[in-house]
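Pasted below: structure_24.cif, mmCIF, C-alpha atoms.
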data_protein
loop_
_atom_site.label_atom_id
_atom_site.label_comp_id
_atom_site.auth_asym_id
_atom_site.auth_seq_id
_atom_site.Cartn_x
_atom_site.Cartn_y
_atom_site.Cartn_z
CA MET A 11 0.00 0.00 0.00
CA LYS A 12 1.47 3.34 -1.10
CA THR A 13 1.28 6.15 1.45
CA TYR A 14 1.97 9.80 0.69
CA ASP A 15 3.06 12.70 2.86
CA TRP A 16 0.37 14.86 1.25
CA ILE A 17 -2.67 14.38 -0.93
CA VAL A 18 -3.79 17.57 -2.69
CA ILE A 19 -7.39 17.54 -3.93
CA GLY A 20 -7.94 19.80 -6.93
CA GLY A 21 -5.71 20.54 -9.91
CA GLY A 22 -6.59 24.18 -10.51
CA ILE A 23 -4.07 26.94 -9.86
CA THR A 24 -4.38 26.63 -6.06
CA GLY A 25 -3.81 22.88 -5.93
CA SER A 26 -1.10 22.95 -8.60
CA ALA A 27 0.85 25.75 -6.92
CA LEU A 28 0.58 24.10 -3.51
CA SER A 29 1.56 20.65 -4.84
CA TYR A 30 4.64 22.14 -6.47
CA GLU A 31 5.72 23.99 -3.32
CA LEU A 32 5.21 20.87 -1.17
CA VAL A 33 7.22 18.58 -3.46
CA LYS A 34 9.99 21.21 -3.57
CA LYS A 35 10.38 20.57 0.16
CA GLY A 36 11.14 16.91 -0.51
CA LEU A 37 7.68 15.62 0.39
CA LYS A 38 5.91 12.76 -1.35
CA VAL A 39 2.82 14.33 -2.93
CA LEU A 40 -0.18 13.04 -4.89
CA LEU A 41 -2.31 15.57 -6.79
CA LEU A 42 -5.86 14.41 -7.55
CA GLU A 43 -7.90 16.17 -10.25
CA LYS A 44 -11.34 15.05 -11.38
CA ASP A 45 -11.25 16.54 -14.90
CA PRO A 46 -8.31 15.92 -17.28
CA ASN A 47 -9.67 18.72 -19.50
CA PHE A 48 -9.42 21.24 -16.63
CA ASP A 49 -12.70 22.98 -17.47
CA ASN A 50 -12.53 24.88 -14.19
CA ALA A 51 -12.23 28.36 -12.68
CA THR A 52 -8.53 28.55 -13.58
CA ARG A 53 -9.24 28.00 -17.26
CA LEU A 54 -11.98 30.67 -17.28
CA SER A 55 -9.99 33.19 -15.25
CA TYR A 56 -9.20 36.57 -16.82
CA GLY A 57 -5.61 36.05 -15.63
CA GLY A 58 -5.39 39.40 -13.85
CA LEU A 59 -2.84 40.11 -11.11
CA SER A 60 -4.40 42.82 -8.96
CA TYR A 61 -1.35 43.70 -6.88
CA TRP A 62 -2.79 47.20 -6.38
CA SER A 63 -5.75 45.89 -4.35
CA ALA A 64 -4.06 45.39 -0.96
CA THR A 65 -5.81 47.08 1.99
CA ASP A 66 -3.80 46.04 5.08
CA ASN A 67 -0.28 44.96 6.06
CA LEU A 68 -0.88 41.27 5.32
CA SER A 69 -2.38 41.81 1.87
CA ILE A 70 0.27 44.41 1.03
CA GLU A 71 3.02 41.88 1.78
CA LEU A 72 1.24 39.08 -0.10
CA CYS A 73 0.65 41.29 -3.14
CA LYS A 74 4.33 42.22 -3.17
CA GLU A 75 5.39 38.57 -2.88
CA GLY A 76 2.82 37.43 -5.43
CA ARG A 77 3.96 39.96 -8.00
CA GLU A 78 7.62 38.99 -7.51
CA ILE A 79 6.80 35.30 -7.85
CA GLN A 80 4.81 35.85 -11.04
CA GLN A 81 7.57 37.99 -12.55
CA ASN A 82 10.06 35.13 -12.14
CA LEU A 83 7.78 32.12 -12.52
CA SER A 84 8.47 31.45 -16.21
CA GLU A 85 12.17 31.06 -15.45
CA GLU A 86 11.57 29.01 -12.31
CA LEU A 87 9.14 26.59 -13.96
CA ALA A 88 10.95 26.53 -17.32
CA ALA A 89 7.76 27.42 -19.20
CA ASN A 90 6.23 30.65 -20.48
CA THR A 91 3.38 31.91 -18.26
CA GLU A 92 2.98 34.97 -20.52
CA PHE A 93 3.53 37.40 -17.64
CA ARG A 94 3.19 41.05 -18.61
CA GLU A 95 2.26 44.40 -17.12
CA LEU A 96 -1.12 45.52 -18.45
CA ASP A 97 -3.23 48.54 -17.55
CA LEU A 98 -6.58 47.86 -15.91
CA MET A 99 -9.40 50.12 -17.07
CA LEU A 100 -12.31 50.21 -14.63
CA VAL A 101 -15.11 51.84 -16.57
CA ILE A 102 -17.62 54.04 -14.75
CA ALA A 103 -21.23 53.72 -15.91
CA SER A 104 -22.75 56.76 -17.58
CA GLU A 105 -25.28 57.18 -14.76
CA ASP A 106 -22.59 57.20 -12.01
CA THR A 107 -20.54 60.14 -10.77
CA PRO A 108 -16.83 59.55 -11.44
CA GLU A 109 -15.60 61.36 -8.32
CA THR A 110 -17.92 59.32 -6.10
CA ILE A 111 -16.75 56.01 -7.58
CA ALA A 112 -13.10 57.09 -7.32
CA LYS A 113 -13.49 57.68 -3.58
CA THR A 114 -14.40 54.02 -3.04
CA TYR A 115 -10.94 53.04 -4.33
CA GLN A 116 -8.97 55.20 -1.91
CA LYS A 117 -8.69 52.29 0.55
CA PHE A 118 -6.35 50.37 -1.76
CA ALA A 119 -2.55 50.44 -1.59
CA ILE A 120 -2.28 51.88 -5.10
CA LYS A 121 -4.74 54.64 -5.94
CA PRO A 122 -6.28 54.81 -9.44
CA GLN A 123 -5.98 57.64 -11.91
CA LEU A 124 -9.35 59.12 -12.85
CA LEU A 125 -9.75 59.57 -16.62
CA THR A 126 -12.40 61.37 -18.65
CA PRO A 127 -14.20 59.33 -21.34
CA GLN A 128 -11.98 60.91 -23.98
CA GLU A 129 -8.79 60.15 -22.04
CA ALA A 130 -9.98 56.59 -21.46
CA CYS A 131 -10.56 56.07 -25.19
CA GLU A 132 -7.06 57.32 -25.93
CA GLN A 133 -5.78 54.49 -23.73
CA GLU A 134 -8.34 51.95 -25.01
CA PRO A 135 -9.70 52.84 -28.47
CA LEU A 136 -12.32 50.05 -28.41
CA LEU A 137 -14.23 51.77 -25.59
CA ASN A 138 -17.50 53.55 -26.35
CA PRO A 139 -17.14 57.09 -24.88
CA ASN A 140 -20.93 57.59 -24.92
CA ALA A 141 -21.50 54.62 -22.58
CA ILE A 142 -19.23 55.77 -19.74
CA SER A 143 -18.83 58.85 -17.53
CA GLY A 144 -15.16 58.14 -16.86
CA CYS A 145 -12.63 55.44 -16.09
CA LEU A 146 -10.24 54.47 -13.31
CA GLN A 147 -6.83 53.42 -14.59
CA LEU A 148 -4.62 51.13 -12.49
CA PRO A 149 -1.36 49.25 -13.00
CA HIS A 150 -2.05 45.54 -13.29
CA GLY A 151 -0.27 42.32 -14.07
CA HIS A 152 -1.47 39.58 -16.37
CA ILE A 153 -0.68 35.93 -17.08
CA ASN A 154 -2.18 33.09 -19.05
CA PRO A 155 -3.76 31.12 -16.18
CA GLN A 156 -3.99 27.78 -17.98
CA LYS A 157 -0.39 27.92 -19.20
CA THR A 158 0.70 28.87 -15.69
CA ASN A 159 -1.26 25.96 -14.25
CA ASN A 160 0.29 23.55 -16.76
CA ALA A 161 3.76 24.91 -15.97
CA TYR A 162 3.26 24.29 -12.24
CA GLN A 163 2.14 20.72 -12.91
CA GLN A 164 4.98 19.86 -15.27
CA ALA A 165 7.53 21.21 -12.77
CA PHE A 166 5.75 19.20 -10.04
CA LEU A 167 6.07 16.01 -12.09
CA ARG A 168 9.76 16.64 -12.82
CA LEU A 169 10.39 16.85 -9.08
CA GLY A 170 8.79 13.45 -8.49
CA GLY A 171 5.17 14.40 -7.80
CA GLU A 172 2.31 12.21 -9.03
CA ILE A 173 -0.97 13.22 -10.69
CA GLU A 174 -4.05 11.01 -10.94
CA TYR A 175 -7.30 11.99 -12.68
CA GLU A 176 -9.88 10.66 -10.26
CA THR A 177 -12.94 12.04 -8.50
CA VAL A 178 -12.70 12.07 -4.72
CA SER A 179 -15.92 10.71 -3.21
CA GLN A 180 -15.09 10.74 0.49
CA PHE A 181 -12.35 10.88 3.11
CA LEU A 182 -10.84 7.88 4.89
CA TRP A 183 -10.81 8.55 8.61
CA GLN A 184 -10.55 6.98 12.03
CA LYS A 185 -12.10 8.98 14.86
CA ASP A 186 -10.73 12.51 14.31
CA LYS A 187 -7.81 11.57 12.04
CA ILE A 188 -8.01 11.77 8.24
CA GLU A 189 -5.94 8.95 6.70
CA GLY A 190 -6.52 9.59 3.01
CA VAL A 191 -9.30 9.64 0.43
CA GLN A 192 -11.60 7.30 -1.44
CA THR A 193 -12.02 7.98 -5.16
CA LEU A 194 -14.48 6.31 -7.50
CA SER A 195 -11.83 3.69 -8.34
CA GLU A 196 -9.52 3.22 -5.33
CA LYS A 197 -8.23 4.35 -1.95
CA HIS A 198 -5.21 6.64 -1.47
CA TYR A 199 -3.52 6.96 1.93
CA SER A 200 -1.67 9.98 3.24
CA LYS A 201 -0.40 11.56 6.45
CA ASN A 202 -2.00 14.84 5.38
CA THR A 203 -4.77 15.87 3.00
CA VAL A 204 -5.48 19.39 1.76
CA VAL A 205 -8.65 20.43 -0.07
CA CYS A 206 -8.06 22.83 -2.98
CA ALA A 207 -11.25 21.91 -4.80
CA GLY A 208 -12.57 25.41 -5.45
CA GLY A 209 -16.33 25.46 -5.79
CA LEU A 210 -16.60 21.82 -4.72
CA THR A 211 -14.72 22.38 -1.45
CA ARG A 212 -17.85 22.95 0.63
CA LEU A 213 -19.60 19.84 -0.72
CA LEU A 214 -16.55 17.64 -0.21
CA LEU A 215 -15.99 18.71 3.39
CA LYS A 216 -19.64 18.00 4.17
CA THR A 217 -18.96 14.30 3.61
CA VAL A 218 -17.22 14.27 7.00
CA GLY A 219 -19.70 16.64 8.63
CA ILE A 220 -17.56 19.77 8.30
CA ASN A 221 -19.20 23.12 7.58
CA VAL A 222 -16.75 25.93 6.77
CA ASN A 223 -17.26 29.52 5.70
CA ILE A 224 -16.73 28.87 2.00
CA TYR A 225 -19.29 29.06 -0.76
CA PHE A 226 -19.42 29.22 -4.56
CA THR A 227 -20.98 30.96 -7.50
CA HIS A 228 -21.93 29.59 -10.89
CA SER A 229 -19.71 31.68 -13.14
CA GLN A 230 -20.26 32.07 -16.89
CA SER A 231 -18.06 33.76 -19.51
CA ILE A 232 -17.67 33.73 -23.27
CA VAL A 233 -14.36 32.43 -24.62
CA THR A 234 -13.38 33.19 -28.21
CA PRO A 235 -10.85 31.82 -30.69
CA PRO A 236 -7.86 34.02 -31.65
CA LEU A 237 -9.02 37.15 -33.51
CA ASP A 238 -7.40 40.05 -35.35
CA LEU A 239 -9.04 42.71 -33.15
CA LYS A 240 -6.68 44.37 -30.67
CA LEU A 241 -7.66 45.19 -27.09
CA ARG A 242 -4.85 47.11 -25.39
CA THR A 243 -6.01 46.83 -21.76
CA LEU A 244 -8.04 44.73 -19.35
CA VAL A 245 -11.52 46.25 -19.14
CA MET A 246 -13.78 45.75 -16.12
CA PRO A 247 -16.63 47.69 -14.47
CA SER A 248 -15.64 49.94 -11.58
CA ALA A 249 -18.63 48.86 -9.47
CA LEU A 250 -18.03 45.14 -8.86
CA GLN A 251 -21.46 43.73 -8.08
CA ARG A 252 -20.03 40.23 -7.60
CA LEU A 253 -18.25 41.25 -4.38
CA MET A 254 -21.50 42.62 -2.94
CA LEU A 255 -23.27 39.44 -3.99
CA GLU A 256 -20.71 37.35 -2.10
CA GLU A 257 -21.14 39.45 1.03
CA LYS A 258 -24.85 38.59 1.09
CA SER A 259 -24.02 34.90 1.53
CA ARG A 260 -23.55 35.56 5.25
CA ASP A 261 -27.23 36.42 5.71
CA VAL A 262 -29.06 34.04 8.04
CA GLU A 263 -31.77 33.42 5.45
CA GLN A 264 -29.24 32.45 2.83
CA GLN A 265 -27.40 30.18 5.28
CA SER A 266 -30.49 27.98 5.32
CA TRP A 267 -30.30 27.72 1.53
CA TRP A 268 -26.70 26.50 1.69
CA ASN A 269 -27.52 23.93 4.34
CA HIS A 270 -30.48 22.62 2.33
CA PRO A 271 -29.36 23.03 -1.30
CA SER A 272 -31.88 23.55 -4.06
CA SER A 273 -31.56 24.43 -7.73
CA ASN A 274 -33.10 27.88 -7.25
CA ILE A 275 -30.98 30.91 -8.07
CA ILE A 276 -30.74 33.06 -4.93
CA ALA A 277 -28.92 36.01 -6.45
CA ASP A 278 -27.46 37.00 -9.79
CA THR A 279 -25.08 39.63 -11.21
CA MET A 280 -23.66 40.41 -14.65
CA GLU A 281 -20.36 42.24 -15.04
CA PRO A 282 -19.31 43.34 -18.53
CA GLY A 283 -15.59 43.16 -19.15
CA ALA A 284 -13.00 41.83 -21.56
CA ILE A 285 -9.41 40.62 -21.76
CA GLN A 286 -7.42 39.54 -24.78
CA PHE A 287 -4.72 36.91 -24.32
CA MET A 288 -1.43 36.96 -26.16
CA ASP A 289 -2.67 34.44 -28.74
CA GLY A 290 -5.47 36.84 -29.72
CA SER A 291 -8.34 35.03 -27.95
CA PHE A 292 -10.75 36.88 -25.67
CA SER A 293 -12.71 36.25 -22.48
CA LEU A 294 -15.88 38.32 -22.28
CA GLY A 295 -18.09 39.18 -19.31
CA GLN A 296 -18.86 37.31 -16.14
CA ILE A 297 -22.23 36.23 -14.84
CA SER A 298 -22.14 35.15 -11.19
CA GLN A 299 -25.13 33.25 -9.82
CA ILE A 300 -25.53 31.98 -6.29
CA CYS A 301 -27.28 28.63 -6.46
CA PRO A 302 -26.41 26.01 -3.80
CA ASP A 303 -26.81 23.10 -6.23
CA THR A 304 -23.43 22.37 -7.83
CA LYS A 305 -25.16 20.59 -10.73
CA ALA A 306 -27.82 23.21 -11.43
CA ASN A 307 -28.78 23.66 -15.07
CA ILE A 308 -27.58 26.93 -16.60
CA ASP A 309 -29.58 28.71 -19.30
CA ARG A 310 -26.64 29.11 -21.66
CA ASN A 311 -28.50 30.92 -24.41
CA SER A 312 -29.85 33.53 -22.03
CA SER A 313 -26.45 33.98 -20.35
CA GLU A 314 -24.64 34.43 -23.65
CA LYS A 315 -27.18 37.01 -24.82
CA ARG A 316 -26.86 38.99 -21.56
CA ILE A 317 -23.07 39.03 -21.75
CA ARG A 318 -22.98 40.09 -25.38
CA GLN A 319 -25.44 42.93 -24.85
CA ALA A 320 -23.63 44.28 -21.79
CA VAL A 321 -20.16 43.99 -23.30
CA GLY A 322 -21.38 45.47 -26.56
CA LYS A 323 -22.56 48.59 -24.77
CA ILE A 324 -19.06 49.54 -23.63
CA LEU A 325 -17.02 47.68 -26.28
CA PRO A 326 -19.26 47.66 -29.38
CA SER A 327 -16.79 45.91 -31.69
CA LEU A 328 -16.74 42.85 -29.38
CA GLN A 329 -20.49 42.25 -29.15
CA ASN A 330 -20.84 39.80 -32.02
CA ILE A 331 -17.40 38.19 -32.25
CA PRO A 332 -17.41 34.36 -32.42
CA GLY A 333 -17.20 32.60 -29.09
CA LYS A 334 -18.69 29.99 -26.80
CA LEU A 335 -20.16 30.27 -23.33
CA HIS A 336 -18.34 28.37 -20.58
CA HIS A 337 -19.51 27.63 -17.05
CA CYS A 338 -17.65 26.74 -13.86
CA LEU A 339 -17.93 27.00 -10.07
CA VAL A 340 -15.93 29.73 -8.34
CA ALA A 341 -15.23 29.48 -4.60
CA PHE A 342 -15.29 32.49 -2.29
CA CYS A 343 -14.99 33.26 1.41
CA PRO A 344 -17.10 36.31 2.36
CA ASP A 345 -15.20 37.15 5.56
CA SER A 346 -11.65 37.18 4.18
CA ASN A 347 -9.48 36.98 1.07
CA PHE A 348 -8.90 33.23 1.50
CA LEU A 349 -9.31 30.21 3.77
CA VAL A 350 -5.94 28.58 4.45
CA GLY A 351 -4.90 26.29 7.29
CA GLN A 352 -5.53 23.12 9.29
CA ILE A 353 -9.15 22.33 10.10
CA GLU A 354 -9.69 22.28 13.85
CA GLY A 355 -10.62 18.93 15.31
CA PHE A 356 -9.55 16.86 12.29
CA GLN A 357 -5.95 15.74 12.40
CA GLY A 358 -4.32 15.67 8.99
CA LEU A 359 -7.04 17.67 7.19
CA HIS A 360 -6.35 21.10 5.69
CA ILE A 361 -7.94 23.65 3.39
CA PHE A 362 -6.44 25.97 0.77
CA SER A 363 -9.31 27.62 -1.06
CA GLY A 364 -11.82 30.50 -1.22
CA PHE A 365 -9.39 33.03 -2.66
CA THR A 366 -10.17 36.53 -3.78
CA SER A 367 -7.49 37.58 -6.32
CA THR A 368 -6.35 33.96 -6.54
CA LEU A 369 -3.48 34.48 -8.96
CA ILE A 370 -1.80 37.08 -6.75
CA PHE A 371 -2.49 35.51 -3.32
CA ALA A 372 -2.28 31.74 -3.91
CA PRO A 373 1.37 31.46 -5.11
CA PRO A 374 2.96 33.21 -2.09
CA LEU A 375 0.61 31.48 0.35
CA ALA A 376 1.43 28.10 -1.21
CA ARG A 377 5.10 28.85 -0.57
CA HIS A 378 4.41 29.88 3.03
CA PHE A 379 2.17 26.85 3.60
CA ALA A 380 4.92 24.46 2.49
CA SER A 381 7.44 26.20 4.74
CA TRP A 382 5.10 26.11 7.73
CA VAL A 383 4.33 22.39 7.51
CA THR A 384 8.00 21.41 7.08
CA GLU A 385 9.80 23.95 9.26
CA ASN A 386 7.37 25.55 11.70
CA PRO A 387 4.00 23.74 11.96
CA GLY A 388 2.95 26.01 14.80
CA LYS A 389 2.60 28.91 12.36
CA LEU A 390 -0.01 27.12 10.24
CA PRO A 391 -3.40 28.83 10.80
CA VAL A 392 -6.18 26.79 12.40
CA ILE A 393 -9.59 26.97 10.72
CA THR A 394 -12.62 26.67 12.98
CA ALA A 395 -15.38 24.55 11.47
CA ASP A 396 -18.97 23.87 12.47
CA SER A 397 -20.77 20.57 12.31
CA CYS A 398 -23.25 20.11 9.47
#

Let me see the file written as structure tokens.
Amino acid sequence: MKTYDWIVIGGGITGSALSYELVKKGLKVLLLEKDPNFDNATRLSYGGLSYWSATDNLSIELCKEGREIQQNLSEELAANTEFRELDLMLVIASEDTPETIAKTYQKFAIKPQLLTPQEACEQEPLLNPNAISGCLQLPHGHINPQKTNNAYQQAFLRLGGEIEYETVSQFLWQKDKIEGVQTLSEKHYSKNTVVCAGGLTRLLLKTVGINVNIYFTHSQSIVTPPLDLKLRTLVMPSALQRLMLEEKSRDVEQQSWWNHPSSNIIADTMEPGAIQFMDGSFSLGQISQICPDTKANIDRNSSEKRIRQAVGKILPSLQNIPGKLHHCLVAFCPDSNFLVGQIEGFQGLHIFSGFTSTLIFAPPLARHFASWVTENPGKLPVITADSC
């Protein structure tokens, strides 16, 4: 019977980064991913590195570390992550007052520059000046998230890590000690297990009666093939409705929905935006729906129409470009930027999920996590969990 030092559940950017950092420390690591096609939140990510968005000492330090890691990651992993510096243009709706919106961004470590519609269109010619009252310009990093994820995994394999494409169905445990996992085909044993399963994290932990403060949205975006159009910047709305939607998940009424999942949509937002990757392909828009059923049916035709109409208002030349709607689950933690640490009361069970600004926070925290568990376990945060 093969036993590992660590089993990492989830092969998105969080699980791949953490697996790599753990195996770098000389640990025997198994990475389990349910989908060999990786049709997950990492694949649908815009790839933005919002190092400007820190608001306190911890996030300032993590943003600094995350940016430094991403700048050097292509060399470290011996693969091109397509890192670049790219301006972020946060468009202000025509009905909003630019100065009022700008004030809401003063809490961040890097303050935005307020542009008029004309100035914004000089920076991004595809913008429709008649649809906006202004724009907030911020320095921003950008990577190709799927290429970065692949680079982490290939480096992990070169260092002796193992990857299996299997769906985890439950944990193996004795009393309060987790001894590994059961997949649909076999059992895997490990001294430690860490859940990096994104939107499926909550459901998986419930199999052992653990209820943590992590939830998910059904996220939908349009992905296009490479096109000749040229978008110079990353365009997003300045009023991010998704963050307000996530905050509502703490409401007592909505807690009952999460504890008794149904296929009803509790809340819904649509954020128009666009990014063009270095190969010429685009990602357009993001619909975020809170629905506690992980397998809920999505009205793809309606979602695609909503995204195209909203994006077309601010970026008219992108409204009718060829593309296909994609759907995934996106994890979030409404009380913090992430949920990282050992789960209280369950020896050998950990969580590494629920990130806001995943691509900037997860790489440095993966590095710290690996250092804590090998050099100073007492520094590893302890996550309090409730019983289901």

For this session: Apply the PyMOL selection byres ((chain A and resi 115) around 12) to the displayed file and report the matching residues as a PyMOL selection string.
Result: chain A and resi 62-65+100+108-114+116-124+146-148+248-250

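Of the residues listed (A:Pro302, A:Gly170, A:Gly333, A:Pro373), A:Gly170 shows the shortest atom-to-atom separation from Lys38 in chain A; distances use only C-alpha atoms.
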
For this session: Give as a ChimeraX atom specification the residues that the PyMOL selection byres ((chain A and resi 143) around 12) matches when applied to the coordinates above.
Result: /A:100-112,124-131,137-142,144-146,247-248,324

Exercise. Of the candidates A:Asn223, A:Ser313, A:Ser179, A:Gln230, which one gets nearest to Phe348 in chain A if we count all atoms listed in the file?
Worked result: A:Asn223

Exercise. Interatomic distance between CA of Glu281 in chain A and CA of Val233 in chain A?
Worked result: 15.0 Å

Could you make a table, as a Markdown table, of the residues of range 107-217 of chain A that have an atom within 10 Å of an atom of range 77-93 of chain A, each with its nearest atom pair and distance in Å to one decimal, counting only C-alpha atoms, in chain and number order?
| residue | atom | partner | partner_atom | distance |
| --- | --- | --- | --- | --- |
| A:His150 | CA | A:Arg77 | CA | 9.8 |
| A:Gly151 | CA | A:Phe93 | CA | 7.2 |
| A:His152 | CA | A:Phe93 | CA | 5.6 |
| A:Ile153 | CA | A:Phe93 | CA | 4.5 |
| A:Asn154 | CA | A:Glu92 | CA | 5.7 |
| A:Pro155 | CA | A:Thr91 | CA | 7.5 |
| A:Gln156 | CA | A:Thr91 | CA | 8.5 |
| A:Lys157 | CA | A:Thr91 | CA | 5.6 |
| A:Thr158 | CA | A:Thr91 | CA | 4.8 |
| A:Asn159 | CA | A:Thr91 | CA | 8.5 |
| A:Asn160 | CA | A:Ala89 | CA | 8.8 |
| A:Ala161 | CA | A:Ala89 | CA | 5.7 |
| A:Tyr162 | CA | A:Leu87 | CA | 6.5 |
| A:Gln163 | CA | A:Leu87 | CA | 9.2 |
| A:Gln164 | CA | A:Leu87 | CA | 8.0 |
| A:Ala165 | CA | A:Leu87 | CA | 5.7 |
| A:Phe166 | CA | A:Leu87 | CA | 9.0 |

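In this comparison, which uses only C-alpha atoms, the residue of A:Leu98, A:Val205, A:Ile317, A:Leu167 approaching Thr24 in chain A most closely is A:Val205.
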
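Across A:Asp66, A:Thr394, A:Val33, A:Thr243, the tightest approach to Glu134 in chain A is made by A:Thr243 when counting only C-alpha atoms.
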
What are the nearest atom pairs, with distances in Å to one decimal, for all residues of range 319-358 of chain A that come at most 12 Å from range 189-193 of chain A, using all atoms listed in the file, set out by chain and rising residue number as a Markdown table?
| residue | atom | partner | partner_atom | distance |
| --- | --- | --- | --- | --- |
| A:Phe356 | CA | A:Glu189 | CA | 10.3 |
| A:Gln357 | CA | A:Glu189 | CA | 8.9 |
| A:Gly358 | CA | A:Glu189 | CA | 7.3 |

For C-alpha atoms, I'd like the residues from the last selection saved as a tab-separated table (two decimals), in the coordinates of the input.
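What landed in part00.tsv:
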chain	number	residue	atom	x	y	z
A	356	PHE	CA	-9.55	16.86	12.29
A	357	GLN	CA	-5.95	15.74	12.40
A	358	GLY	CA	-4.32	15.67	8.99

Exercise. Which is closer to Glu172 in chain A than all the others in A:Gly21, A:Gly388, A:Pro326, A:Gly351, using only C-alpha atoms?
Worked result: A:Gly21

Exercise. What would the list of residues within 8 Å of (-13.4, 32.5, -5.8) (file frame) look like as number ranges by chain, if only C-alpha atoms are what count?
Worked result: A: 208-209, 226-227, 340-343, 363-368

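Here the question is which of A:Arg316, A:Lys34, A:Arg53, A:Lys187 gets nearest to Gly22 in chain A using only C-alpha atoms, and that residue is A:Arg53.
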
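Interatomic distance, CA of Trp267 in chain A to CA of Cys301 in chain A: 8.6 Å.
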
Problem set entry | Residue IDs satisfying the PyMOL selection byres ((chain A and resi 72) around 8), as a PyMOL selection string | chain A and resi 68-71+73-76+370-371+374-375

Limited to C-alpha atoms, could you put the picked residues into a file as a compact mmCIF listing (two decimals), in the coordinates of the input?
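Ended up saving to selection-v1.txt:
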# COMPACT_ATOMS: atom_id res chain seq x y z
CA LEU A 68 -0.88 41.27 5.32
CA SER A 69 -2.38 41.81 1.87
CA ILE A 70 0.27 44.41 1.03
CA GLU A 71 3.02 41.88 1.78
CA CYS A 73 0.65 41.29 -3.14
CA LYS A 74 4.33 42.22 -3.17
CA GLU A 75 5.39 38.57 -2.88
CA GLY A 76 2.82 37.43 -5.43
CA ILE A 370 -1.80 37.08 -6.75
CA PHE A 371 -2.49 35.51 -3.32
CA PRO A 374 2.96 33.21 -2.09
CA LEU A 375 0.61 31.48 0.35

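Here CA of Thr304 in chain A and CA of Asn221 in chain A stand 16.0 Å from one another.
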
For this session: Could you give me, as a count of residues only, the residues within 9 Å of Leu237 in chain A, counting all atoms listed in the file and dropping anything in the same chain fewer than 5 positions from it?
Result: 6
